[in-house]
file structure.cif (mmCIF, N, CA and C atoms)
data_protein
#
loop_
_atom_site.label_atom_id
_atom_site.label_comp_id
_atom_site.auth_asym_id
_atom_site.auth_seq_id
_atom_site.Cartn_x
_atom_site.Cartn_y
_atom_site.Cartn_z
N MET A 1 -7.64 25.75 -51.87
CA MET A 1 -8.60 24.72 -52.19
C MET A 1 -9.87 25.33 -52.81
N GLU A 2 -10.22 26.50 -52.37
CA GLU A 2 -11.42 27.15 -52.89
C GLU A 2 -11.32 27.46 -54.38
N ASN A 3 -10.10 27.56 -54.90
CA ASN A 3 -9.90 27.87 -56.32
C ASN A 3 -9.75 26.62 -57.18
N HIS A 4 -9.88 25.46 -56.59
CA HIS A 4 -9.73 24.20 -57.34
C HIS A 4 -10.82 24.13 -58.40
N PRO A 5 -10.48 23.74 -59.64
CA PRO A 5 -11.48 23.75 -60.73
C PRO A 5 -12.63 22.74 -60.52
N ASP A 6 -12.40 21.71 -59.75
CA ASP A 6 -13.45 20.69 -59.55
C ASP A 6 -14.10 20.78 -58.17
N ILE A 7 -14.01 21.92 -57.51
CA ILE A 7 -14.50 22.04 -56.14
C ILE A 7 -15.99 21.75 -56.02
N LEU A 8 -16.78 22.20 -56.99
CA LEU A 8 -18.22 21.96 -56.91
C LEU A 8 -18.54 20.47 -57.04
N ASP A 9 -17.86 19.81 -57.97
CA ASP A 9 -18.06 18.37 -58.14
C ASP A 9 -17.61 17.60 -56.90
N MET A 10 -16.48 18.02 -56.32
CA MET A 10 -15.97 17.36 -55.12
C MET A 10 -16.95 17.53 -53.95
N ARG A 11 -17.49 18.71 -53.80
CA ARG A 11 -18.46 18.95 -52.73
C ARG A 11 -19.73 18.11 -52.93
N GLN A 12 -20.17 18.03 -54.19
CA GLN A 12 -21.37 17.25 -54.49
C GLN A 12 -21.13 15.77 -54.17
N ARG A 13 -19.98 15.22 -54.56
CA ARG A 13 -19.67 13.82 -54.27
C ARG A 13 -19.58 13.57 -52.77
N HIS A 14 -18.96 14.51 -52.05
CA HIS A 14 -18.86 14.37 -50.59
C HIS A 14 -20.24 14.40 -49.95
N ALA A 15 -21.10 15.29 -50.40
CA ALA A 15 -22.46 15.37 -49.86
C ALA A 15 -23.25 14.09 -50.16
N MET A 16 -23.07 13.54 -51.37
CA MET A 16 -23.74 12.28 -51.72
C MET A 16 -23.26 11.14 -50.84
N ALA A 17 -21.96 11.07 -50.62
CA ALA A 17 -21.40 10.02 -49.78
C ALA A 17 -21.92 10.15 -48.36
N GLU A 18 -22.01 11.36 -47.88
CA GLU A 18 -22.52 11.60 -46.53
C GLU A 18 -23.98 11.17 -46.41
N ARG A 19 -24.79 11.51 -47.43
CA ARG A 19 -26.21 11.10 -47.41
C ARG A 19 -26.33 9.59 -47.48
N ALA A 20 -25.53 8.96 -48.32
CA ALA A 20 -25.60 7.49 -48.49
C ALA A 20 -25.21 6.78 -47.21
N THR A 21 -24.23 7.32 -46.49
CA THR A 21 -23.76 6.68 -45.28
C THR A 21 -24.76 6.81 -44.14
N THR A 22 -25.52 7.88 -44.13
CA THR A 22 -26.42 8.12 -43.01
C THR A 22 -27.79 7.48 -43.17
N THR A 23 -28.06 6.86 -44.29
CA THR A 23 -29.35 6.19 -44.43
C THR A 23 -29.36 4.92 -43.61
N SER A 24 -30.50 4.60 -43.08
CA SER A 24 -30.60 3.38 -42.26
C SER A 24 -30.37 2.13 -43.11
N ARG A 25 -30.75 2.18 -44.38
CA ARG A 25 -30.53 1.03 -45.26
C ARG A 25 -29.04 0.75 -45.44
N ALA A 26 -28.26 1.80 -45.73
CA ALA A 26 -26.82 1.63 -45.92
C ALA A 26 -26.15 1.15 -44.65
N GLN A 27 -26.55 1.70 -43.53
CA GLN A 27 -25.97 1.28 -42.26
C GLN A 27 -26.31 -0.17 -41.94
N ALA A 28 -27.53 -0.58 -42.24
CA ALA A 28 -27.93 -1.97 -42.00
C ALA A 28 -27.15 -2.92 -42.90
N ILE A 29 -26.99 -2.56 -44.18
CA ILE A 29 -26.24 -3.40 -45.11
C ILE A 29 -24.80 -3.54 -44.64
N GLU A 30 -24.17 -2.43 -44.28
CA GLU A 30 -22.78 -2.47 -43.83
C GLU A 30 -22.62 -3.31 -42.57
N THR A 31 -23.52 -3.14 -41.62
CA THR A 31 -23.44 -3.88 -40.36
C THR A 31 -23.63 -5.37 -40.59
N LEU A 32 -24.67 -5.73 -41.34
CA LEU A 32 -24.92 -7.14 -41.61
C LEU A 32 -23.80 -7.76 -42.42
N ALA A 33 -23.23 -7.01 -43.36
CA ALA A 33 -22.12 -7.52 -44.16
C ALA A 33 -20.88 -7.74 -43.30
N LEU A 34 -20.60 -6.82 -42.40
CA LEU A 34 -19.47 -6.99 -41.50
C LEU A 34 -19.65 -8.24 -40.63
N LEU A 35 -20.85 -8.40 -40.07
CA LEU A 35 -21.13 -9.58 -39.24
C LEU A 35 -21.06 -10.87 -40.05
N THR A 36 -21.54 -10.83 -41.29
CA THR A 36 -21.48 -12.01 -42.16
C THR A 36 -20.03 -12.39 -42.45
N GLY A 37 -19.21 -11.40 -42.78
CA GLY A 37 -17.81 -11.67 -43.04
C GLY A 37 -17.08 -12.21 -41.82
N LEU A 38 -17.35 -11.64 -40.67
CA LEU A 38 -16.72 -12.12 -39.44
C LEU A 38 -17.18 -13.54 -39.11
N TYR A 39 -18.47 -13.81 -39.31
CA TYR A 39 -18.96 -15.17 -39.07
C TYR A 39 -18.30 -16.16 -40.03
N LEU A 40 -18.22 -15.79 -41.30
CA LEU A 40 -17.60 -16.68 -42.29
C LEU A 40 -16.15 -16.98 -41.90
N ALA A 41 -15.42 -15.97 -41.44
CA ALA A 41 -14.04 -16.18 -41.03
C ALA A 41 -13.93 -17.12 -39.83
N ALA A 42 -14.88 -17.03 -38.92
CA ALA A 42 -14.84 -17.85 -37.70
C ALA A 42 -15.63 -19.14 -37.82
N SER A 43 -16.39 -19.31 -38.89
CA SER A 43 -17.31 -20.45 -39.01
C SER A 43 -16.66 -21.82 -38.91
N PRO A 44 -15.44 -22.03 -39.39
CA PRO A 44 -14.86 -23.37 -39.24
C PRO A 44 -14.76 -23.80 -37.77
N TRP A 45 -14.53 -22.84 -36.88
CA TRP A 45 -14.40 -23.16 -35.47
C TRP A 45 -15.75 -23.10 -34.76
N ILE A 46 -16.68 -22.33 -35.27
CA ILE A 46 -18.03 -22.27 -34.68
C ILE A 46 -18.81 -23.52 -35.04
N VAL A 47 -18.79 -23.88 -36.32
CA VAL A 47 -19.55 -25.03 -36.81
C VAL A 47 -18.82 -26.33 -36.49
N GLY A 48 -17.52 -26.29 -36.44
CA GLY A 48 -16.74 -27.47 -36.10
C GLY A 48 -16.32 -28.27 -37.30
N PHE A 49 -15.52 -27.65 -38.17
CA PHE A 49 -14.95 -28.39 -39.29
C PHE A 49 -13.81 -29.23 -38.71
N ASN A 50 -14.10 -30.45 -38.33
CA ASN A 50 -13.12 -31.31 -37.67
C ASN A 50 -12.40 -32.19 -38.67
N GLY A 51 -11.18 -32.56 -38.33
CA GLY A 51 -10.42 -33.48 -39.17
C GLY A 51 -9.41 -32.74 -40.03
N GLY A 52 -8.41 -33.49 -40.48
CA GLY A 52 -7.32 -32.92 -41.26
C GLY A 52 -7.74 -32.43 -42.63
N GLY A 53 -8.73 -33.06 -43.24
CA GLY A 53 -9.15 -32.68 -44.58
C GLY A 53 -9.86 -31.34 -44.65
N PHE A 54 -10.23 -30.82 -43.50
CA PHE A 54 -10.97 -29.57 -43.47
C PHE A 54 -10.08 -28.34 -43.33
N ALA A 55 -8.80 -28.54 -43.22
CA ALA A 55 -7.88 -27.40 -43.02
C ALA A 55 -7.94 -26.43 -44.19
N ARG A 56 -8.00 -26.94 -45.40
CA ARG A 56 -8.03 -26.05 -46.57
C ARG A 56 -9.32 -25.24 -46.62
N LEU A 57 -10.45 -25.88 -46.32
CA LEU A 57 -11.71 -25.15 -46.32
C LEU A 57 -11.75 -24.14 -45.17
N ALA A 58 -11.16 -24.50 -44.04
CA ALA A 58 -11.10 -23.55 -42.91
C ALA A 58 -10.29 -22.32 -43.29
N VAL A 59 -9.16 -22.51 -43.94
CA VAL A 59 -8.33 -21.38 -44.36
C VAL A 59 -9.06 -20.56 -45.43
N THR A 60 -9.72 -21.25 -46.35
CA THR A 60 -10.49 -20.56 -47.39
C THR A 60 -11.57 -19.69 -46.76
N ASN A 61 -12.32 -20.24 -45.82
CA ASN A 61 -13.38 -19.46 -45.16
C ASN A 61 -12.79 -18.30 -44.37
N LEU A 62 -11.67 -18.52 -43.71
CA LEU A 62 -11.03 -17.46 -42.93
C LEU A 62 -10.63 -16.30 -43.84
N ILE A 63 -9.94 -16.60 -44.92
CA ILE A 63 -9.47 -15.54 -45.84
C ILE A 63 -10.65 -14.86 -46.54
N THR A 64 -11.60 -15.65 -47.02
CA THR A 64 -12.76 -15.08 -47.70
C THR A 64 -13.59 -14.22 -46.76
N GLY A 65 -13.78 -14.67 -45.53
CA GLY A 65 -14.55 -13.90 -44.56
C GLY A 65 -13.91 -12.58 -44.21
N ILE A 66 -12.60 -12.59 -43.99
CA ILE A 66 -11.90 -11.34 -43.68
C ILE A 66 -11.96 -10.40 -44.88
N GLY A 67 -11.73 -10.94 -46.06
CA GLY A 67 -11.80 -10.11 -47.28
C GLY A 67 -13.18 -9.51 -47.48
N TYR A 68 -14.21 -10.32 -47.28
CA TYR A 68 -15.58 -9.84 -47.44
C TYR A 68 -15.89 -8.74 -46.42
N ALA A 69 -15.51 -8.96 -45.18
CA ALA A 69 -15.79 -7.96 -44.13
C ALA A 69 -15.08 -6.64 -44.44
N LEU A 70 -13.83 -6.71 -44.87
CA LEU A 70 -13.09 -5.49 -45.19
C LEU A 70 -13.65 -4.79 -46.42
N LEU A 71 -14.06 -5.58 -47.40
CA LEU A 71 -14.58 -5.02 -48.64
C LEU A 71 -15.92 -4.33 -48.43
N MET A 72 -16.77 -4.92 -47.62
CA MET A 72 -18.13 -4.40 -47.48
C MET A 72 -18.31 -3.40 -46.34
N SER A 73 -17.45 -3.38 -45.36
CA SER A 73 -17.67 -2.48 -44.23
C SER A 73 -17.10 -1.11 -44.53
N GLY A 74 -17.93 -0.12 -44.46
CA GLY A 74 -17.48 1.25 -44.63
C GLY A 74 -17.33 1.72 -46.06
N GLY A 75 -17.71 0.94 -47.02
CA GLY A 75 -17.53 1.32 -48.42
C GLY A 75 -18.37 2.49 -48.86
N PHE A 76 -19.55 2.66 -48.30
CA PHE A 76 -20.44 3.72 -48.74
C PHE A 76 -19.84 5.10 -48.50
N GLY A 77 -19.23 5.32 -47.36
CA GLY A 77 -18.72 6.64 -47.05
C GLY A 77 -17.30 6.88 -47.52
N ARG A 78 -16.44 5.89 -47.38
CA ARG A 78 -15.03 6.09 -47.66
C ARG A 78 -14.69 6.10 -49.15
N ALA A 79 -15.40 5.31 -49.93
CA ALA A 79 -15.06 5.19 -51.35
C ALA A 79 -16.35 5.14 -52.16
N TYR A 80 -17.13 6.17 -52.06
CA TYR A 80 -18.47 6.14 -52.66
C TYR A 80 -18.43 5.86 -54.15
N ASP A 81 -17.47 6.45 -54.85
CA ASP A 81 -17.41 6.26 -56.31
C ASP A 81 -17.05 4.83 -56.69
N ARG A 82 -16.36 4.11 -55.80
CA ARG A 82 -15.95 2.74 -56.09
C ARG A 82 -16.85 1.70 -55.44
N THR A 83 -17.88 2.12 -54.71
CA THR A 83 -18.73 1.18 -53.98
C THR A 83 -19.40 0.19 -54.91
N HIS A 84 -19.82 0.64 -56.07
CA HIS A 84 -20.51 -0.24 -57.01
C HIS A 84 -19.62 -1.41 -57.41
N SER A 85 -18.38 -1.15 -57.77
CA SER A 85 -17.48 -2.25 -58.16
C SER A 85 -17.04 -3.07 -56.97
N MET A 86 -16.92 -2.46 -55.79
CA MET A 86 -16.57 -3.23 -54.59
C MET A 86 -17.68 -4.20 -54.25
N ALA A 87 -18.92 -3.79 -54.42
CA ALA A 87 -20.05 -4.67 -54.12
C ALA A 87 -20.09 -5.84 -55.10
N TRP A 88 -19.72 -5.60 -56.35
CA TRP A 88 -19.68 -6.72 -57.30
C TRP A 88 -18.57 -7.69 -56.97
N ALA A 89 -17.45 -7.19 -56.47
CA ALA A 89 -16.37 -8.08 -56.02
C ALA A 89 -16.84 -8.89 -54.82
N ALA A 90 -17.63 -8.28 -53.94
CA ALA A 90 -18.18 -9.00 -52.80
C ALA A 90 -19.18 -10.07 -53.26
N CYS A 91 -19.89 -9.80 -54.35
CA CYS A 91 -20.78 -10.84 -54.92
C CYS A 91 -19.97 -12.07 -55.32
N ALA A 92 -18.81 -11.84 -55.92
CA ALA A 92 -17.95 -12.95 -56.30
C ALA A 92 -17.50 -13.74 -55.08
N LEU A 93 -17.21 -13.06 -53.99
CA LEU A 93 -16.82 -13.76 -52.76
C LEU A 93 -17.99 -14.57 -52.20
N GLY A 94 -19.21 -14.04 -52.31
CA GLY A 94 -20.39 -14.80 -51.88
C GLY A 94 -20.58 -16.06 -52.71
N LEU A 95 -20.40 -15.93 -54.01
CA LEU A 95 -20.51 -17.11 -54.89
C LEU A 95 -19.41 -18.12 -54.59
N TRP A 96 -18.20 -17.62 -54.34
CA TRP A 96 -17.10 -18.53 -54.00
C TRP A 96 -17.42 -19.29 -52.71
N THR A 97 -18.00 -18.61 -51.74
CA THR A 97 -18.35 -19.26 -50.47
C THR A 97 -19.32 -20.41 -50.71
N ILE A 98 -20.25 -20.22 -51.64
CA ILE A 98 -21.23 -21.27 -51.93
C ILE A 98 -20.57 -22.49 -52.56
N VAL A 99 -19.66 -22.29 -53.48
CA VAL A 99 -19.08 -23.43 -54.21
C VAL A 99 -17.81 -23.99 -53.58
N ALA A 100 -17.25 -23.31 -52.60
CA ALA A 100 -15.97 -23.72 -52.00
C ALA A 100 -15.95 -25.16 -51.48
N PRO A 101 -17.00 -25.67 -50.84
CA PRO A 101 -16.90 -27.05 -50.35
C PRO A 101 -16.66 -28.07 -51.46
N TRP A 102 -17.07 -27.78 -52.67
CA TRP A 102 -16.87 -28.72 -53.77
C TRP A 102 -15.58 -28.44 -54.54
N VAL A 103 -15.10 -27.20 -54.50
CA VAL A 103 -13.92 -26.82 -55.27
C VAL A 103 -12.62 -27.06 -54.50
N VAL A 104 -12.65 -26.83 -53.20
CA VAL A 104 -11.45 -26.99 -52.37
C VAL A 104 -11.04 -28.46 -52.38
N ALA A 105 -9.77 -28.70 -52.55
CA ALA A 105 -9.26 -30.07 -52.63
C ALA A 105 -9.55 -30.85 -51.35
N GLY A 106 -9.85 -32.09 -51.51
CA GLY A 106 -10.12 -32.96 -50.38
C GLY A 106 -11.60 -33.28 -50.29
N ASN A 107 -11.92 -34.17 -49.41
CA ASN A 107 -13.32 -34.58 -49.22
C ASN A 107 -13.94 -33.73 -48.12
N VAL A 108 -14.36 -32.52 -48.48
CA VAL A 108 -14.88 -31.59 -47.47
C VAL A 108 -16.35 -31.27 -47.69
N ASP A 109 -17.01 -32.03 -48.56
CA ASP A 109 -18.41 -31.72 -48.82
C ASP A 109 -19.34 -32.53 -47.90
N THR A 110 -19.24 -32.24 -46.60
CA THR A 110 -20.13 -32.86 -45.61
C THR A 110 -21.34 -31.96 -45.40
N THR A 111 -22.34 -32.50 -44.76
CA THR A 111 -23.56 -31.72 -44.52
C THR A 111 -23.24 -30.43 -43.77
N ARG A 112 -22.41 -30.52 -42.77
CA ARG A 112 -22.06 -29.35 -41.96
C ARG A 112 -21.40 -28.25 -42.79
N THR A 113 -20.43 -28.62 -43.58
CA THR A 113 -19.71 -27.61 -44.36
C THR A 113 -20.57 -27.04 -45.48
N VAL A 114 -21.34 -27.92 -46.13
CA VAL A 114 -22.18 -27.47 -47.25
C VAL A 114 -23.27 -26.51 -46.76
N VAL A 115 -23.98 -26.90 -45.71
CA VAL A 115 -25.07 -26.05 -45.20
C VAL A 115 -24.52 -24.73 -44.71
N ASN A 116 -23.42 -24.76 -43.97
CA ASN A 116 -22.82 -23.53 -43.47
C ASN A 116 -22.42 -22.60 -44.62
N ASN A 117 -21.71 -23.14 -45.60
CA ASN A 117 -21.23 -22.29 -46.68
C ASN A 117 -22.34 -21.82 -47.61
N ILE A 118 -23.33 -22.64 -47.86
CA ILE A 118 -24.43 -22.20 -48.73
C ILE A 118 -25.23 -21.08 -48.07
N ILE A 119 -25.60 -21.25 -46.82
CA ILE A 119 -26.39 -20.22 -46.13
C ILE A 119 -25.59 -18.93 -46.00
N THR A 120 -24.34 -19.04 -45.57
CA THR A 120 -23.50 -17.85 -45.41
C THR A 120 -23.23 -17.20 -46.77
N GLY A 121 -22.98 -18.00 -47.78
CA GLY A 121 -22.72 -17.46 -49.12
C GLY A 121 -23.91 -16.76 -49.71
N VAL A 122 -25.10 -17.31 -49.52
CA VAL A 122 -26.32 -16.67 -50.04
C VAL A 122 -26.56 -15.34 -49.33
N ILE A 123 -26.37 -15.32 -48.01
CA ILE A 123 -26.53 -14.06 -47.27
C ILE A 123 -25.51 -13.03 -47.75
N ALA A 124 -24.26 -13.46 -47.92
CA ALA A 124 -23.22 -12.54 -48.40
C ALA A 124 -23.55 -12.02 -49.80
N LEU A 125 -24.02 -12.90 -50.65
CA LEU A 125 -24.37 -12.50 -52.01
C LEU A 125 -25.53 -11.50 -52.02
N LEU A 126 -26.56 -11.76 -51.23
CA LEU A 126 -27.71 -10.85 -51.18
C LEU A 126 -27.32 -9.48 -50.62
N LEU A 127 -26.48 -9.46 -49.59
CA LEU A 127 -26.03 -8.18 -49.04
C LEU A 127 -25.17 -7.41 -50.05
N ALA A 128 -24.33 -8.12 -50.78
CA ALA A 128 -23.52 -7.46 -51.80
C ALA A 128 -24.38 -6.91 -52.93
N LEU A 129 -25.42 -7.66 -53.32
CA LEU A 129 -26.34 -7.16 -54.35
C LEU A 129 -27.09 -5.93 -53.85
N ALA A 130 -27.48 -5.94 -52.58
CA ALA A 130 -28.17 -4.77 -52.00
C ALA A 130 -27.23 -3.56 -51.97
N ALA A 131 -25.97 -3.78 -51.63
CA ALA A 131 -25.00 -2.68 -51.63
C ALA A 131 -24.77 -2.16 -53.04
N SER A 132 -24.71 -3.07 -53.99
CA SER A 132 -24.53 -2.66 -55.39
C SER A 132 -25.72 -1.83 -55.87
N ALA A 133 -26.91 -2.27 -55.51
CA ALA A 133 -28.11 -1.52 -55.90
C ALA A 133 -28.13 -0.14 -55.26
N ALA A 134 -27.74 -0.06 -53.99
CA ALA A 134 -27.71 1.23 -53.30
C ALA A 134 -26.67 2.15 -53.92
N ALA A 135 -25.51 1.60 -54.26
CA ALA A 135 -24.46 2.41 -54.89
C ALA A 135 -24.89 2.86 -56.27
N SER A 136 -25.56 1.99 -56.99
CA SER A 136 -26.03 2.33 -58.33
C SER A 136 -27.08 3.43 -58.27
N MET A 137 -28.00 3.33 -57.31
CA MET A 137 -29.02 4.37 -57.17
C MET A 137 -28.39 5.70 -56.80
N GLY A 138 -27.38 5.67 -55.95
CA GLY A 138 -26.71 6.91 -55.55
C GLY A 138 -25.99 7.57 -56.70
N SER A 139 -25.32 6.77 -57.53
CA SER A 139 -24.61 7.37 -58.65
C SER A 139 -25.57 7.77 -59.77
N ASP A 140 -26.72 7.10 -59.89
CA ASP A 140 -27.72 7.52 -60.87
C ASP A 140 -28.26 8.89 -60.51
N ARG A 141 -28.40 9.15 -59.22
CA ARG A 141 -28.90 10.46 -58.78
C ARG A 141 -27.91 11.56 -59.10
N SER A 142 -26.64 11.20 -59.15
CA SER A 142 -25.64 12.24 -59.41
C SER A 142 -25.52 12.54 -60.90
N GLY A 143 -26.18 11.73 -61.73
CA GLY A 143 -26.16 11.99 -63.15
C GLY A 143 -25.01 11.33 -63.88
N ARG A 144 -24.28 10.43 -63.17
CA ARG A 144 -23.13 9.79 -63.80
C ARG A 144 -23.43 8.38 -64.24
N GLY A 145 -24.61 7.89 -64.12
CA GLY A 145 -24.93 6.55 -64.57
C GLY A 145 -24.66 5.52 -63.50
N GLY A 146 -24.56 4.24 -63.88
CA GLY A 146 -24.47 3.14 -62.94
C GLY A 146 -23.09 2.90 -62.37
N ARG A 147 -22.04 3.59 -62.79
CA ARG A 147 -20.71 3.31 -62.24
C ARG A 147 -20.08 4.52 -61.73
#

call {"tool": "encode", "arguments": {"input": "structure.cif", "output": "C-alpha coordinates"}}
result
Amino acid sequence: MENHPDILDMRQRHAMAERATTTSRAQAIETLALLTGLYLAASPWIVGFNGGGFARLAVTNLITGIGYALLMSGGFGRAYDRTHSMAWAACALGLWTIVAPWVVAGNVDTTRTVVNNIITGVIALLLALAASAAASMGSDRSGRGGR
(Lines of atoms letter the chains of each structure in order from A and count residues from 1; the text may use other names and numbers.)
(Lines give C-alpha, C1' and ligand atoms only; values in the text may rest on other atoms or scores of the structure.)
Protein backbone atom coordinates (compact mmCIF):
# COMPACT_ATOMS: atom_id res chain seq x y z
CA MET A 1 0.00 0.00 0.00
CA GLU A 2 2.88 2.35 0.72
CA ASN A 3 3.91 2.15 -2.95
CA HIS A 4 0.46 3.08 -4.28
CA PRO A 5 0.79 6.05 -6.70
CA ASP A 6 -2.10 7.96 -5.10
CA ILE A 7 -1.18 7.34 -1.45
CA LEU A 8 -0.62 11.02 -0.66
CA ASP A 9 -3.96 12.04 -2.17
CA MET A 10 -5.71 9.18 -0.34
CA ARG A 11 -4.18 10.21 2.98
CA GLN A 12 -5.17 13.84 2.40
CA ARG A 13 -8.79 12.87 1.60
CA HIS A 14 -8.94 10.63 4.67
CA ALA A 15 -7.58 13.42 6.89
CA MET A 16 -10.13 15.88 5.43
CA ALA A 17 -12.97 13.45 6.06
CA GLU A 18 -11.78 12.92 9.61
CA ARG A 19 -11.61 16.68 10.25
CA ALA A 20 -15.05 17.24 8.70
CA THR A 21 -16.61 14.50 10.81
CA THR A 22 -15.19 15.76 14.08
CA THR A 23 -16.44 19.32 13.79
CA SER A 24 -19.35 20.16 16.02
CA ARG A 25 -21.20 21.69 13.05
CA ALA A 26 -21.02 18.48 11.01
CA GLN A 27 -22.05 16.37 13.97
CA ALA A 28 -25.00 18.66 14.71
CA ILE A 29 -26.15 18.60 11.07
CA GLU A 30 -25.93 14.80 10.92
CA THR A 31 -27.76 14.34 14.21
CA LEU A 32 -30.54 16.78 13.39
CA ALA A 33 -30.90 15.29 9.90
CA LEU A 34 -31.17 11.78 11.31
CA LEU A 35 -33.83 12.91 13.80
CA THR A 36 -35.69 14.81 11.07
CA GLY A 37 -35.73 11.75 8.81
CA LEU A 38 -36.90 9.48 11.61
CA TYR A 39 -39.61 11.95 12.59
CA LEU A 40 -40.78 12.23 8.97
CA ALA A 41 -40.98 8.44 8.72
CA ALA A 42 -43.03 8.21 11.93
CA SER A 43 -45.02 11.43 11.51
CA PRO A 44 -48.18 9.87 10.05
CA TRP A 45 -48.63 7.97 13.32
CA ILE A 46 -47.38 10.78 15.57
CA VAL A 47 -49.53 13.49 14.00
CA GLY A 48 -52.42 11.15 13.30
CA PHE A 49 -53.07 10.92 9.59
CA ASN A 50 -56.43 9.20 10.07
CA GLY A 51 -58.69 7.75 7.42
CA GLY A 52 -58.25 5.64 4.32
CA GLY A 53 -57.24 8.52 2.05
CA PHE A 54 -54.12 9.15 4.08
CA ALA A 55 -52.50 5.77 3.43
CA ARG A 56 -50.60 7.00 0.38
CA LEU A 57 -49.24 10.06 2.17
CA ALA A 58 -48.31 7.91 5.17
CA VAL A 59 -46.34 5.54 2.93
CA THR A 60 -44.76 8.49 1.11
CA ASN A 61 -43.64 10.04 4.40
CA LEU A 62 -42.35 6.69 5.66
CA ILE A 63 -40.24 6.03 2.56
CA THR A 64 -39.04 9.62 2.23
CA GLY A 65 -38.13 9.82 5.92
CA ILE A 66 -36.14 6.60 5.88
CA GLY A 67 -34.38 7.65 2.67
CA TYR A 68 -33.56 11.08 4.07
CA ALA A 69 -32.21 9.64 7.33
CA LEU A 70 -30.01 7.14 5.50
CA LEU A 71 -28.80 9.71 3.00
CA MET A 72 -27.88 12.36 5.55
CA SER A 73 -26.58 10.34 8.50
CA GLY A 74 -22.89 9.61 8.38
CA GLY A 75 -22.23 11.08 4.96
CA PHE A 76 -19.42 13.38 6.05
CA GLY A 77 -17.08 10.62 7.16
CA ARG A 78 -18.03 7.62 5.07
CA ALA A 79 -18.32 9.23 1.64
CA TYR A 80 -16.72 12.63 1.91
CA ASP A 81 -16.18 13.05 -1.83
CA ARG A 82 -19.85 12.32 -2.54
CA THR A 83 -21.32 14.32 0.36
CA HIS A 84 -21.99 17.36 -1.80
CA SER A 85 -24.19 15.44 -4.25
CA MET A 86 -25.84 13.44 -1.46
CA ALA A 87 -26.83 16.68 0.25
CA TRP A 88 -28.39 17.96 -2.98
CA ALA A 89 -30.38 14.73 -3.26
CA ALA A 90 -31.54 15.32 0.32
CA CYS A 91 -32.64 18.83 -0.73
CA ALA A 92 -34.88 17.20 -3.32
CA LEU A 93 -36.39 14.98 -0.62
CA GLY A 94 -37.04 18.06 1.53
CA LEU A 95 -38.81 19.76 -1.37
CA TRP A 96 -40.81 16.61 -2.06
CA THR A 97 -41.91 16.53 1.59
CA ILE A 98 -43.24 20.08 1.25
CA VAL A 99 -45.30 19.41 -1.89
CA ALA A 100 -46.36 15.81 -1.16
CA PRO A 101 -49.75 16.66 0.43
CA TRP A 102 -50.85 18.25 -2.85
CA VAL A 103 -49.16 15.80 -5.23
CA VAL A 104 -50.13 12.49 -3.61
CA ALA A 105 -53.41 11.19 -5.00
CA GLY A 106 -56.47 11.66 -2.86
CA ASN A 107 -57.79 14.42 -0.66
CA VAL A 108 -54.92 14.60 1.83
CA ASP A 109 -54.35 18.33 2.01
CA THR A 110 -55.72 18.87 5.52
CA THR A 111 -54.30 21.34 8.00
CA ARG A 112 -52.60 18.56 9.94
CA THR A 113 -50.84 17.02 6.96
CA VAL A 114 -49.91 20.32 5.34
CA VAL A 115 -48.44 21.89 8.50
CA ASN A 116 -46.56 18.71 9.39
CA ASN A 117 -45.06 18.27 5.93
CA ILE A 118 -44.21 21.92 5.37
CA ILE A 119 -42.41 22.33 8.71
CA THR A 120 -40.60 18.99 8.40
CA GLY A 121 -39.76 19.62 4.74
CA VAL A 122 -38.34 23.08 5.43
CA ILE A 123 -36.19 21.72 8.27
CA ALA A 124 -34.99 18.86 6.04
CA LEU A 125 -34.22 21.28 3.22
CA LEU A 126 -32.27 23.66 5.47
CA LEU A 127 -30.23 20.82 6.98
CA ALA A 128 -29.44 19.46 3.52
CA LEU A 129 -28.36 22.93 2.36
CA ALA A 130 -26.14 23.23 5.45
CA ALA A 131 -24.59 19.83 4.69
CA SER A 132 -24.04 20.84 1.09
CA ALA A 133 -22.36 24.05 2.17
CA ALA A 134 -20.12 22.17 4.61
CA ALA A 135 -19.17 19.62 1.96
CA SER A 136 -18.49 22.37 -0.55
CA MET A 137 -16.27 24.24 1.90
CA GLY A 138 -14.36 21.05 2.67
CA SER A 139 -13.71 20.25 -0.97
CA ASP A 140 -12.78 23.87 -1.72
CA ARG A 141 -10.07 23.59 0.93
CA SER A 142 -8.69 20.54 -0.81
CA GLY A 143 -8.28 22.48 -4.03
CA ARG A 144 -10.74 20.42 -6.04
CA GLY A 145 -13.55 22.95 -6.30
CA GLY A 146 -17.20 22.56 -5.30
CA ARG A 147 -17.67 18.86 -6.16

call {"tool": "closest_residue", "arguments": {"input": "structure.cif", "among": "A:Ala92, A:Ile63, A:Leu40, A:Val108", "to": "Ala128 in chain A", "atoms": "only N, CA and C atoms"}}
result
A:Ala92

call {"tool": "closest_residue", "arguments": {"input": "structure.cif", "among": "A:Ile46, A:Leu62, A:Leu32, A:Val115", "to": "Leu127 in chain A", "atoms": "only N, CA and C atoms"}}
result
A:Leu32

call {"tool": "select_by_dssp", "arguments": {"input": "structure.cif", "residues": "range 50-116 of chain A", "states": "alpha helix (DSSP H)", "output": "PyMOL selection string"}}
result
chain A and resi 55-72+75-78+83-103+111-116

call {"tool": "atom_distance", "arguments": {"input": "structure.cif", "atom1": "CA of Val122 in chain A", "atom2": "CA of Leu34 in chain A"}}
result
14.6 Å

call {"tool": "residues_around", "arguments": {"input": "structure.cif", "residues": "Ala124 in chain A", "least_positions_apart": "5", "cutoff": "10 Å", "atoms": "only C-alpha atoms", "output": "PyMOL selection string"}}
result
chain A and resi 32-37+40+65+68-69+72+90-95+97-98+118-119+129-130

call {"tool": "resolve_selection", "arguments": {"input": "structure.cif", "expression": "the PyMOL selection byres (((chain A and resi 50-57 and name CA) around 9) and name CA)", "output": "VMD selection string"}}
result
chain A and resid 44 to 45 48 to 49 58 to 62 100 to 101 104 to 108 113

call {"tool": "atom_distance", "arguments": {"input": "structure.cif", "atom1": "CA of Ser85 in chain A", "atom2": "CA of Ala41 in chain A"}}
result
22.3 Å

call {"tool": "axis_aligned_box", "arguments": {"input": "structure.cif", "around": "range 111-130 of chain A", "padding_each_side": "4 Å", "output": "lines of an AutoDock Vina configuration file"}}
result
center_x = -23.9
center_y = -18.0
center_z = -48.2
size_x = 16.5
size_y = 36.9
size_z = 20.4
